[in-house]
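Undergrad: What follows is start.pdb; its format and atoms are PDB, C-alpha atoms.
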ATOM      1  CA  MET A   1       0.749  24.290 -44.665
ATOM      2  CA  PRO A   2       1.932  23.626 -41.105
ATOM      3  CA  ASP A   3       4.590  21.022 -40.477
ATOM      4  CA  ARG A   4       3.353  17.493 -39.898
ATOM      5  CA  ILE A   5       4.149  15.395 -36.880
ATOM      6  CA  ASP A   6       4.805  12.095 -38.609
ATOM      7  CA  THR A   7       6.589   9.919 -36.067
ATOM      8  CA  ILE A   8       5.592   8.676 -32.645
ATOM      9  CA  ALA A   9       8.890   9.898 -31.249
ATOM     10  CA  ALA A  10       8.166  13.427 -32.475
ATOM     11  CA  LEU A  11       4.657  13.278 -31.070
ATOM     12  CA  GLU A  12       5.857  12.217 -27.657
ATOM     13  CA  THR A  13       8.039  15.318 -27.338
ATOM     14  CA  TYR A  14       4.861  17.426 -26.968
ATOM     15  CA  TYR A  15       3.306  15.334 -24.199
ATOM     16  CA  GLY A  16       4.289  13.871 -20.870
ATOM     17  CA  THR A  17       4.072  10.235 -19.903
ATOM     18  CA  PRO A  18       0.674   8.785 -18.990
ATOM     19  CA  GLY A  19      -0.211   8.929 -15.310
ATOM     20  CA  ALA A  20      -0.543   5.658 -13.439
ATOM     21  CA  ALA A  21      -4.303   6.069 -13.076
ATOM     22  CA  SER A  22      -4.818   6.358 -16.852
ATOM     23  CA  ILE A  23      -3.226   2.924 -17.277
ATOM     24  CA  ARG A  24      -4.567   1.146 -14.196
ATOM     25  CA  LYS A  25      -8.223   2.058 -14.896
ATOM     26  CA  VAL A  26      -8.289  -0.230 -17.963
ATOM     27  CA  ALA A  27     -10.295  -3.471 -17.663
ATOM     28  CA  ARG A  28     -10.370  -6.316 -20.175
ATOM     29  CA  ARG A  29     -13.952  -7.328 -19.453
ATOM     30  CA  MET A  30     -17.010  -6.056 -17.605
ATOM     31  CA  THR A  31     -16.552  -5.357 -13.915
ATOM     32  CA  PRO A  32     -19.373  -4.557 -11.453
ATOM     33  CA  LEU A  33     -18.850  -0.787 -11.705
ATOM     34  CA  TYR A  34     -18.207  -0.661 -15.453
ATOM     35  CA  ARG A  35     -21.334  -2.820 -15.880
ATOM     36  CA  ASP A  36     -23.383  -0.424 -13.757
ATOM     37  CA  TRP A  37     -22.170   2.533 -15.807
ATOM     38  CA  ILE A  38     -22.694   1.022 -19.255
ATOM     39  CA  MET A  39     -26.140  -0.337 -18.382
ATOM     40  CA  ARG A  40     -27.171   3.225 -17.492
ATOM     41  CA  SER A  41     -26.184   4.473 -20.955
ATOM     42  CA  GLN A  42     -28.913   4.867 -23.555
ATOM     43  CA  PHE A  43     -26.618   6.543 -26.105
ATOM     44  CA  CYS A  44     -23.219   5.780 -27.558
ATOM     45  CA  VAL A  45     -21.105   6.547 -30.609
ATOM     46  CA  VAL A  46     -19.769   3.570 -32.575
ATOM     47  CA  SER A  47     -16.572   4.066 -34.589
ATOM     48  CA  THR A  48     -15.525   1.625 -37.302
ATOM     49  CA  VAL A  49     -12.957   1.385 -40.081
ATOM     50  CA  GLY A  50     -13.110  -0.326 -43.455
ATOM     51  CA  PRO A  51     -11.827  -0.285 -47.039
ATOM     52  CA  GLU A  52     -13.803   2.853 -47.873
ATOM     53  CA  GLY A  53     -12.687   4.762 -44.781
ATOM     54  CA  THR A  54     -13.873   5.434 -41.255
ATOM     55  CA  ASP A  55     -17.339   5.914 -39.827
ATOM     56  CA  GLY A  56     -18.782   7.276 -36.593
ATOM     57  CA  SER A  57     -22.405   6.352 -35.925
ATOM     58  CA  PRO A  58     -24.688   7.514 -33.090
ATOM     59  CA  ARG A  59     -26.707   4.729 -31.462
ATOM     60  CA  GLY A  60     -29.548   5.190 -29.017
ATOM     61  CA  ASP A  61     -32.287   3.192 -27.346
ATOM     62  CA  GLU A  62     -35.054   3.701 -24.800
ATOM     63  CA  GLY A  63     -33.164   1.515 -22.322
ATOM     64  CA  PRO A  64     -29.559   0.327 -22.219
ATOM     65  CA  VAL A  65     -28.041   0.794 -25.667
ATOM     66  CA  VAL A  66     -26.271  -2.568 -25.315
ATOM     67  CA  GLN A  67     -26.908  -5.853 -23.529
ATOM     68  CA  GLU A  68     -24.242  -7.968 -21.881
ATOM     69  CA  LEU A  69     -23.996 -11.499 -23.259
ATOM     70  CA  ASP A  70     -21.141 -12.390 -20.914
ATOM     71  CA  PRO A  71     -18.443 -10.340 -19.137
ATOM     72  CA  GLY A  72     -16.386 -10.197 -22.309
ATOM     73  CA  THR A  73     -19.168  -9.653 -24.853
ATOM     74  CA  LEU A  74     -21.792  -6.966 -25.564
ATOM     75  CA  ALA A  75     -24.661  -6.977 -28.049
ATOM     76  CA  MET A  76     -26.228  -3.968 -29.764
ATOM     77  CA  PRO A  77     -29.384  -4.088 -31.911
ATOM     78  CA  ASP A  78     -29.245  -2.507 -35.343
ATOM     79  CA  TRP A  79     -32.628  -0.913 -35.938
ATOM     80  CA  ARG A  80     -33.535  -0.178 -39.525
ATOM     81  CA  GLY A  81     -32.709   3.343 -40.691
ATOM     82  CA  ASN A  82     -31.679   4.796 -44.018
ATOM     83  CA  ASN A  83     -30.037   1.559 -45.218
ATOM     84  CA  ARG A  84     -26.644   3.177 -45.858
ATOM     85  CA  MET A  85     -25.129   0.585 -43.507
ATOM     86  CA  ASP A  86     -21.781   2.397 -43.354
ATOM     87  CA  SER A  87     -20.856   0.977 -39.949
ATOM     88  CA  LEU A  88     -22.164  -2.471 -40.790
ATOM     89  CA  ARG A  89     -20.238  -2.667 -44.047
ATOM     90  CA  ASN A  90     -17.096  -1.711 -42.162
ATOM     91  CA  ILE A  91     -17.703  -4.331 -39.478
ATOM     92  CA  VAL A  92     -18.121  -7.063 -42.097
ATOM     93  CA  SER A  93     -14.846  -5.999 -43.732
ATOM     94  CA  ASP A  94     -12.824  -5.085 -40.627
ATOM     95  CA  GLY A  95     -14.125  -5.919 -37.172
ATOM     96  CA  ARG A  96     -12.158  -3.271 -35.268
ATOM     97  CA  VAL A  97     -14.618  -1.147 -33.325
ATOM     98  CA  SER A  98     -14.701   1.517 -30.613
ATOM     99  CA  LEU A  99     -17.679   2.693 -28.570
ATOM    100  CA  MET A 100     -18.119   5.800 -26.429
ATOM    101  CA  PHE A 101     -20.950   5.574 -23.887
ATOM    102  CA  PHE A 102     -22.629   8.752 -22.581
ATOM    103  CA  VAL A 103     -25.061   9.366 -19.731
ATOM    104  CA  PRO A 104     -26.750  12.807 -19.629
ATOM    105  CA  GLY A 105     -25.416  14.909 -16.781
ATOM    106  CA  SER A 106     -22.168  12.976 -16.387
ATOM    107  CA  ASN A 107     -18.923  14.390 -17.755
ATOM    108  CA  THR A 108     -17.422  10.906 -17.692
ATOM    109  CA  VAL A 109     -17.422   8.871 -20.888
ATOM    110  CA  VAL A 110     -16.818   5.128 -20.816
ATOM    111  CA  ARG A 111     -14.957   3.738 -23.813
ATOM    112  CA  VAL A 112     -14.877   0.186 -25.143
ATOM    113  CA  ASN A 113     -12.444  -0.970 -27.805
ATOM    114  CA  GLY A 114     -12.675  -4.399 -29.324
ATOM    115  CA  HIS A 115     -13.748  -6.545 -32.237
ATOM    116  CA  ALA A 116     -17.275  -6.714 -33.658
ATOM    117  CA  TRP A 117     -19.242  -9.016 -35.916
ATOM    118  CA  LEU A 118     -22.859  -9.205 -37.113
ATOM    119  CA  THR A 119     -25.526 -11.833 -36.669
ATOM    120  CA  ALA A 120     -29.150 -12.289 -37.698
ATOM    121  CA  ASP A 121     -29.648 -15.011 -35.080
ATOM    122  CA  SER A 122     -33.377 -15.135 -34.334
ATOM    123  CA  GLU A 123     -33.037 -15.765 -30.600
ATOM    124  CA  LEU A 124     -30.590 -12.924 -30.111
ATOM    125  CA  ARG A 125     -32.700 -10.533 -32.191
ATOM    126  CA  ALA A 126     -35.720 -11.498 -30.084
ATOM    127  CA  ARG A 127     -33.958 -10.249 -26.939
ATOM    128  CA  PHE A 128     -34.387  -6.706 -28.300
ATOM    129  CA  ALA A 129     -37.983  -7.051 -29.526
ATOM    130  CA  ARG A 130     -40.218  -3.976 -29.448
ATOM    131  CA  GLY A 131     -43.584  -5.675 -29.634
ATOM    132  CA  LYS A 132     -43.495  -7.551 -32.932
ATOM    133  CA  ILE A 133     -40.603  -5.490 -34.303
ATOM    134  CA  LEU A 134     -37.098  -6.973 -34.271
ATOM    135  CA  PRO A 135     -33.777  -5.362 -35.171
ATOM    136  CA  ALA A 136     -32.537  -6.254 -38.638
ATOM    137  CA  THR A 137     -29.292  -7.611 -37.187
ATOM    138  CA  VAL A 138     -27.331  -7.507 -33.943
ATOM    139  CA  ILE A 139     -23.779  -6.227 -33.539
ATOM    140  CA  VAL A 140     -21.781  -8.484 -31.235
ATOM    141  CA  ILE A 141     -18.814  -6.725 -29.617
ATOM    142  CA  GLU A 142     -15.958  -8.763 -28.142
ATOM    143  CA  ILE A 143     -14.406  -6.480 -25.530
ATOM    144  CA  GLY A 144     -10.702  -5.754 -25.799
ATOM    145  CA  GLU A 145     -10.591  -3.022 -23.171
ATOM    146  CA  ILE A 146     -12.879  -0.779 -21.145
ATOM    147  CA  TYR A 147     -11.854   2.488 -19.536
ATOM    148  CA  THR A 148     -13.135   5.897 -18.503
ATOM    149  CA  GLN A 149     -12.299   8.923 -20.626
ATOM    150  CA  CYS A 150     -10.956  12.090 -19.035
ATOM    151  CA  ALA A 151     -13.895  14.422 -18.346
ATOM    152  CA  ARG A 152     -12.169  17.591 -19.549
ATOM    153  CA  ALA A 153     -13.622  17.567 -23.085
ATOM    154  CA  LEU A 154     -17.241  17.544 -21.881
ATOM    155  CA  MET A 155     -16.399  20.078 -19.191
ATOM    156  CA  ARG A 156     -14.820  22.440 -21.744
ATOM    157  CA  ALA A 157     -17.861  22.132 -23.989
ATOM    158  CA  GLY A 158     -20.306  22.591 -21.115
ATOM    159  CA  LEU A 159     -22.227  19.773 -22.768
ATOM    160  CA  TRP A 160     -24.792  19.295 -20.019
ATOM    161  CA  THR A 161     -24.695  22.776 -18.477
ATOM    162  CA  GLU A 162     -25.023  25.168 -21.403
ATOM    163  CA  GLU A 163     -28.488  26.271 -22.522
ATOM    164  CA  ASP A 164     -30.011  25.084 -25.798
ATOM    165  CA  GLN A 165     -27.729  26.210 -28.624
ATOM    166  CA  SER A 166     -29.720  24.683 -31.494
ATOM    167  CA  THR A 167     -31.703  27.818 -32.440
ATOM    168  CA  ALA A 168     -31.351  28.642 -36.154
ATOM    169  CA  LEU A 169     -29.235  25.580 -36.944
ATOM    170  CA  PRO A 170     -29.670  24.368 -40.549
ATOM    171  CA  THR A 171     -32.256  21.583 -40.670
ATOM    172  CA  ALA A 172     -31.793  18.190 -42.297
ATOM    173  CA  GLY A 173     -34.220  19.258 -45.009
ATOM    174  CA  GLU A 174     -32.256  22.432 -45.735
ATOM    175  CA  ILE A 175     -28.998  20.512 -45.967
ATOM    176  CA  LEU A 176     -30.573  17.930 -48.277
ATOM    177  CA  ALA A 177     -31.937  20.695 -50.504
ATOM    178  CA  GLU A 178     -28.481  22.292 -50.661
ATOM    179  CA  GLN A 179     -26.892  18.997 -51.661
ATOM    180  CA  THR A 180     -29.497  18.231 -54.347
ATOM    181  CA  ASN A 181     -29.878  21.746 -55.777
ATOM    182  CA  GLY A 182     -33.420  21.846 -54.439
ATOM    183  CA  GLU A 183     -34.523  18.572 -56.006
ATOM    184  CA  GLU A 184     -35.191  17.025 -52.590
ATOM    185  CA  GLY A 185     -35.532  18.225 -49.022
ATOM    186  CA  GLY A 186     -36.567  21.658 -47.844
ATOM    187  CA  ALA A 187     -39.458  22.501 -45.569
ATOM    188  CA  PRO A 188     -41.708  19.638 -46.790
ATOM    189  CA  TYR A 189     -39.035  17.120 -45.833
ATOM    190  CA  ASP A 190     -38.644  18.617 -42.359
ATOM    191  CA  GLU A 191     -42.404  18.836 -41.809
ATOM    192  CA  ALA A 192     -42.909  15.174 -42.703
ATOM    193  CA  TRP A 193     -39.882  13.895 -40.814
ATOM    194  CA  GLY A 194     -41.398  13.709 -37.334
ATOM    195  CA  ALA A 195     -44.293  11.476 -38.352
ATOM    196  CA  ARG A 196     -42.071   9.395 -40.594
ATOM    197  CA  ALA A 197     -39.511   8.832 -37.847
ATOM    198  CA  ALA A 198     -42.200   7.914 -35.302
ATOM    199  CA  LYS A 199     -43.455   5.125 -37.574
ATOM    200  CA  THR A 200     -39.998   3.635 -38.043
ATOM    201  CA  MET A 201     -38.408   4.267 -34.641
ATOM    202  CA  TRP A 202     -37.833   0.540 -34.154
TER     203      TRP A 202
END
Spell out the structure here as structure tokens.
TA:
Amino acid sequence: MPDRIDTIAALETYYGTPGAASIRKVARRMTPLYRDWIMRSQFCVVSTVGPEGTDGSPRGDEGPVVQELDPGTLAMPDWRGNNRMDSLRNIVSDGRVSLMFFVPGSNTVVRVNGHAWLTADSELRARFARGKILPATVIVIEIGEIYTQCARALMRAGLWTEEDQSTALPTAGEILAEQTNGEEGGAPYDEAWGARAAKTMW
């Protein structure tokens, strides 16, 4: 096994000091330009931590993936899914949360770190209504800091410039069949998924 880097002092020997811009770009609440950027994002990744470990959850919507309650607070609907509730369980146990907001075509990522909690408040849920359908709960995020992420990772990956690379990827049904020794999943699962997802999108 390779040697571990197990102290901050050892880690710092491999890197230089942060540039001034990487520190000065940090805001503690929404600003006009950070607001403009985040309100253009329909997709983000939410990272949480709890007693059973960490979780990273993709979140998407047909409009802004979050709403601003005030300059220091965001709200995100939790639409019903598979009921695992990994992120939600973590938030109830440990409110530390990080979000990474993406906009297709932009190599910039905007990050928010802060503290989250859940509510089933009827008025807040109603703000996200899709017809008669309401989110099960709403995640309220108290902003600790907002900043832009260096674009190099998305540039290296060619995330928005490479052609479709999904051909021949294992499907969700194939993975489920592998994990259940063929008891569930397979082609029938994949064939039914589209219609099933469309009925429960919100």
Undergrad: Quick one: residues within 10 Å of Pro188 (chain A), all atoms listed in the file, excluding same-chain residues fewer than 5 positions away - as a PyMOL selection string?
TA: chain A and resi 173-174+193
Undergrad: Could you make a table, as a Markdown table, of the residues of region 48-78 of chain A that have an atom within 12 Å of an atom of region 113-126 of chain A, each with its nearest atom pair and distance in Å to one decimal, counting all atoms listed in the file, in chain and number order?
TA:
| residue | atom | partner | partner_atom | distance |
| --- | --- | --- | --- | --- |
| A:Thr48 | CA | A:Ala116 | CA | 9.3 |
| A:Val49 | CA | A:His115 | CA | 11.2 |
| A:Gln67 | CA | A:Leu124 | CA | 10.3 |
| A:Glu68 | CA | A:Leu124 | CA | 11.5 |
| A:Leu69 | CA | A:Leu124 | CA | 9.6 |
| A:Gly72 | CA | A:Gly114 | CA | 9.8 |
| A:Thr73 | CA | A:Ala116 | CA | 9.5 |
| A:Leu74 | CA | A:Ala116 | CA | 9.3 |
| A:Ala75 | CA | A:Leu124 | CA | 8.6 |
| A:Met76 | CA | A:Arg125 | CA | 9.5 |
| A:Pro77 | CA | A:Arg125 | CA | 7.3 |
| A:Asp78 | CA | A:Arg125 | CA | 9.3 |
Undergrad: Go through A:Met100, A:Cys150, A:Ala136, A:Leu11 and flag the residue nearest Ile38 (chain A), using all atoms listed in the file for the distances.
TA: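 Closest candidate: A:Met100.
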Undergrad: Ranking A:Tyr34, A:Gly182, A:Ile91, A:Phe101 by minimum distance to Gly60 (chain A) and counting all atoms listed in the file, which one comes first?
TA: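 Of all the options, A:Phe101 lies closest to Gly60 (chain A).
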Undergrad: CA of Ala172 (chain A) and CA of Arg96 (chain A), how far apart in Å?
TA: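 The value is 29.9 Å.
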Undergrad: Counting only C-alpha atoms, which residue out of A:Val65, A:Glu184, A:Val110, A:Ile146 sits closest to Phe128 (chain A)?
TA: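 Selected residue with least distance to Phe128 (chain A): A:Val65.
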Undergrad: What separation in Å, quoted to one decimal, exists between CA of Ser41 (chain A) and CA of Val103 (chain A)?
TA: 5.2 Å
Undergrad: Suppose you want the space between CA of Asp36 (chain A) and CA of Gly95 (chain A); what is it in Å?
TA: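 Distance between the two atoms: 25.8 Å.
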